[in-house]
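What follows is one structure encoded as structure tokens, with my remarks underneath.
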Amino acid sequence: MTAACYGVAAWLLLLGCLGIVRSRHLVHTVVCLSVAQSGTYVLLLAIGYQDKAGVPIVNAGGRTPVVDPTVQAMTLTDIVVSATITALLLALTVQISRRHGTVDPDELKALRG
Amino acid sequence: MRARDVIGLVGAAGVAALFAAAFTRMPAVGGTEHLYRDLVLPAALRATTPNLVSSVNFDLRAMDTLGEETIVAAAVVGVLALLQPPRREIPHPRGNVQPAVRFTGWLLLPVAALLGLDVILHGHLTPGGGFQGGVVLATGWHLLYLAGSYPALLKLRPLDTLEYAEAAATAAYVLVGLAGLLLAGSFLANVLPLGSFGSLLSAGTVPVLSVVVGVEVAAGVVVLLSRFLAHALGHADEESR
């Protein structure tokens with residue numbers, strides 16, 4: 001269980017990063033970044049998980065054990081940041097495509113104002 | 001294999017080794033020791049908020065959510081600045097939409113709208129909150145486009161109002177925080193009656209902030225997608241000519 005959770009988190013992060021390195025299309029690069037970021041979601045949720053504990057929504061007594069809500073809230077922040085970054089990067093990709101006529105990172109050699 | 005790939009692989013191997021070293025010293029997944037959970041649970045019960053995640057987002061760490069909300073606003077402003085509106089009038093799309101898709105789109109539109117409102121309004125009681133509900137609302141709105149009716153989307157999407165709504169909601173969040181500063185002595189402190197546990201009007205400022213964030217995210221995402229849609233449709237038209 002432990003190995004699976006941490007392993008998946010590390011695998012997603014590394015896979016996303018390698019995808020960015022090997023990318024030949026800027027939209028692919030943006031999606032790879034999203035994949036890398038999903039590794040952090042898995043890690044956060046794994047840290048907060050507890051065996052046989054319920055969702056962090058409680059009754060008045062609050063007796064039943066629940067998983068850690070703090071990391072879930074951080075995961076939500078993480079997802080929001082990821083979504084906004086994706087939107088901005090895709091907007092940049094559209095602009096690059098219009099100005100340079102290509103979305104292959106290898107063909108973007110020089111800076112142009 | 002390019003030099004870049006080799007460097008990337010070497011770096012990834014190094015990071016993987018660091019991960020392996022770090023993860024072997026981390027506590028096992030599924031353990032019972034969660035210090036923050038033990039702090040959040042009594043605090044949320046005192047504030048009569050059943051949804052602990054909302055309690056963290058809109059009460060205990062409401063300051064972080066202000067930053068998070070500002071990130072969304074900044075991203076919308078950034079996209080609007082990066083993608084200037086296309087100069088030409090956007091023609092009506094001539095694409096063909098299957099009747100089944102059109103029917104399902106119209107069928108799901110009210111469902112998505114209701115679900116979005118429900119997720120926002122009950123954010124302090126059931127799973128959900130302003131961010132999630134706002135995204136459901138904004139994407140549900142675009143079922144109008146998926147159902148093949150871009151003119152309908154243009155008509156039922158008051159962009160000017162939505163831009164003002166987004167800014168006003170961001171300001172409203174700060175105003176709720178200032179009310180806490182003036183009335184309760186600290187920024188974003190609760191100033192409303194807590195109500196009875198589990199009722200719609202309870203948990204103090206948590207549902208208020210949730211609704212404010214819901215408005216901000218829904219308006220922001222619609223404005224964001226409007227610019228992308230205008231560009232995509234403008235380009236598609238240019239290429240087909």
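Scheme for the structure tokens: letters A, B, ... for chains in order shown; per-chain residue numbers from 1; ligand numbers from 1 in order shown.
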Residues of stretch 19-112 of chain A in alpha helix (DSSP H), written as a PyMOL selection string: chain A and resi 19-22+26-48+69-100
The selected residues should be written to file as a CSV table (one decimal), in the first residue's frame (atoms: C-alpha atoms).
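Printed below is selection.csv as written:
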chain,number,residue,atom,x,y,z
A,19,GLY,CA,7.4,14.1,-21.1
A,20,ILE,CA,8.2,17.9,-20.9
A,21,VAL,CA,11.9,17.2,-21.8
A,22,ARG,CA,11.0,15.0,-24.8
A,26,LEU,CA,3.7,22.7,-26.9
A,27,VAL,CA,0.2,21.4,-26.1
A,28,HIS,CA,1.8,18.1,-25.3
A,29,THR,CA,4.2,20.0,-23.0
A,30,VAL,CA,1.3,21.6,-21.1
A,31,VAL,CA,-0.5,18.2,-20.7
A,32,CYS,CA,2.8,16.7,-19.4
A,33,LEU,CA,3.0,19.4,-16.8
A,34,SER,CA,-0.5,18.5,-15.7
A,35,VAL,CA,0.5,14.8,-15.4
A,36,ALA,CA,3.5,15.9,-13.3
A,37,GLN,CA,1.3,17.9,-11.1
A,38,SER,CA,-1.1,15.0,-10.6
A,39,GLY,CA,1.7,13.2,-8.9
A,40,THR,CA,1.5,15.8,-6.1
A,41,TYR,CA,-2.2,15.2,-5.7
A,42,VAL,CA,-1.5,11.5,-5.2
A,43,LEU,CA,1.2,12.2,-2.7
A,44,LEU,CA,-0.9,14.7,-0.7
A,45,LEU,CA,-3.9,12.3,-0.5
A,46,ALA,CA,-1.7,9.4,0.4
A,47,ILE,CA,-0.2,11.4,3.3
A,48,GLY,CA,-3.7,12.1,4.7
A,69,PRO,CA,-8.9,17.1,5.6
A,70,THR,CA,-5.9,19.5,5.6
A,71,VAL,CA,-4.1,17.7,2.8
A,72,GLN,CA,-7.4,17.4,0.9
A,73,ALA,CA,-7.8,21.1,1.0
A,74,MET,CA,-4.2,21.5,-0.2
A,75,THR,CA,-5.0,19.1,-3.0
A,76,LEU,CA,-7.9,21.4,-4.0
A,77,THR,CA,-5.5,24.4,-4.0
A,78,ASP,CA,-3.1,22.4,-6.1
A,79,ILE,CA,-5.8,21.5,-8.7
A,80,VAL,CA,-6.9,25.2,-8.9
A,81,VAL,CA,-3.3,26.3,-9.4
A,82,SER,CA,-2.8,23.6,-12.0
A,83,ALA,CA,-6.0,24.6,-13.9
A,84,THR,CA,-5.0,28.3,-14.0
A,85,ILE,CA,-1.4,27.5,-15.0
A,86,THR,CA,-2.8,25.3,-17.8
A,87,ALA,CA,-5.0,28.1,-19.0
A,88,LEU,CA,-2.2,30.6,-19.1
A,89,LEU,CA,0.2,28.2,-20.8
A,90,LEU,CA,-2.4,27.3,-23.5
A,91,ALA,CA,-3.0,31.0,-24.1
A,92,LEU,CA,0.8,31.5,-24.5
A,93,THR,CA,0.8,28.5,-26.9
A,94,VAL,CA,-1.9,30.1,-29.0
A,95,GLN,CA,0.2,33.3,-29.2
A,96,ILE,CA,3.4,31.4,-30.0
A,97,SER,CA,1.5,29.5,-32.8
A,98,ARG,CA,0.3,32.8,-34.3
A,99,ARG,CA,3.6,34.7,-34.1
A,100,HIS,CA,6.0,31.9,-35.0
Can you check which residues of chain B have any atom within 6 Å of chain A? Use only C-alpha atoms and format it as JSON, numbers by chain. {"B": [28, 29, 30, 31, 32, 37, 50, 51, 52, 53, 75, 79]}
Export of the given selection (N, CA and C atoms) as a PDB file, in the first residue's frame:
ATOM      1  N   ALA B  28       4.168   5.176   7.101  1.00  0.00           N
ATOM      2  CA  ALA B  28       3.410   4.307   6.208  1.00  0.00           C
ATOM      3  C   ALA B  28       2.047   4.920   5.904  1.00  0.00           C
ATOM      4  N   VAL B  29       1.572   4.676   4.671  1.00  0.00           N
ATOM      5  CA  VAL B  29       0.256   5.183   4.273  1.00  0.00           C
ATOM      6  C   VAL B  29      -0.821   4.434   5.055  1.00  0.00           C
ATOM      7  N   GLY B  30      -1.832   5.171   5.534  1.00  0.00           N
ATOM      8  CA  GLY B  30      -2.944   4.524   6.230  1.00  0.00           C
ATOM      9  C   GLY B  30      -2.811   4.527   7.730  1.00  0.00           C
ATOM     10  N   GLY B  31      -1.753   5.149   8.259  1.00  0.00           N
ATOM     11  CA  GLY B  31      -1.567   5.197   9.699  1.00  0.00           C
ATOM     12  C   GLY B  31      -2.609   6.065  10.389  1.00  0.00           C
ATOM     13  N   THR B  32      -2.656   5.956  11.722  1.00  0.00           N
ATOM     14  CA  THR B  32      -3.697   6.674  12.468  1.00  0.00           C
ATOM     15  C   THR B  32      -3.228   8.045  12.960  1.00  0.00           C
ATOM     16  N   ARG B  37      -5.436  16.748  11.274  1.00  0.00           N
ATOM     17  CA  ARG B  37      -6.811  16.282  11.366  1.00  0.00           C
ATOM     18  C   ARG B  37      -7.305  16.440  12.799  1.00  0.00           C
ATOM     19  N   PRO B  50     -19.887  20.782   9.140  1.00  0.00           N
ATOM     20  CA  PRO B  50     -19.700  19.332   8.965  1.00  0.00           C
ATOM     21  C   PRO B  50     -18.604  18.995   7.960  1.00  0.00           C
ATOM     22  N   ASN B  51     -18.493  19.770   6.879  1.00  0.00           N
ATOM     23  CA  ASN B  51     -17.486  19.472   5.865  1.00  0.00           C
ATOM     24  C   ASN B  51     -16.141  20.043   6.311  1.00  0.00           C
ATOM     25  N   LEU B  52     -15.260  19.143   6.748  1.00  0.00           N
ATOM     26  CA  LEU B  52     -13.982  19.607   7.304  1.00  0.00           C
ATOM     27  C   LEU B  52     -13.115  20.287   6.253  1.00  0.00           C
ATOM     28  N   VAL B  53     -13.218  19.818   5.001  1.00  0.00           N
ATOM     29  CA  VAL B  53     -12.390  20.429   3.954  1.00  0.00           C
ATOM     30  C   VAL B  53     -12.808  21.881   3.745  1.00  0.00           C
ATOM     31  N   ALA B  75      -5.123  34.751 -13.354  1.00  0.00           N
ATOM     32  CA  ALA B  75      -5.029  33.929 -14.560  1.00  0.00           C
ATOM     33  C   ALA B  75      -6.013  34.420 -15.617  1.00  0.00           C
ATOM     34  N   VAL B  79      -4.932  35.710 -19.246  1.00  0.00           N
ATOM     35  CA  VAL B  79      -5.398  35.165 -20.529  1.00  0.00           C
ATOM     36  C   VAL B  79      -6.038  36.268 -21.365  1.00  0.00           C
TER      37      VAL B  79
END
Mind checking which residues fall within 8 Å of B:Gly148, counting only C-alpha atoms, ignoring those fewer than 3 positions away in the same chain, and posting them as a PyMOL selection string? chain B and resi 96-97+102+144-145
Residues of the last selection are to be written out with C-alpha atoms, as a short mmCIF file (atom, residue, chain, number, x, y, z; two decimals), in the first residue's frame.
data_model
loop_
_atom_site.label_atom_id
_atom_site.label_comp_id
_atom_site.auth_asym_id
_atom_site.auth_seq_id
_atom_site.Cartn_x
_atom_site.Cartn_y
_atom_site.Cartn_z
CA ASN B 96 -23.15 19.73 -38.12
CA VAL B 97 -24.26 18.59 -34.66
CA ARG B 102 -28.03 18.36 -29.23
CA LEU B 144 -25.07 25.46 -24.79
CA TYR B 145 -22.13 25.44 -27.17
#
Top pick for closest residue to B:His124, considering B:Ser199, B:Thr24, B:Ser54, B:Thr48 and counting only C-alpha atoms: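 Among B:Ser199, B:Thr24, B:Ser54, B:Thr48, it is B:Ser54 that comes nearest to B:His124.
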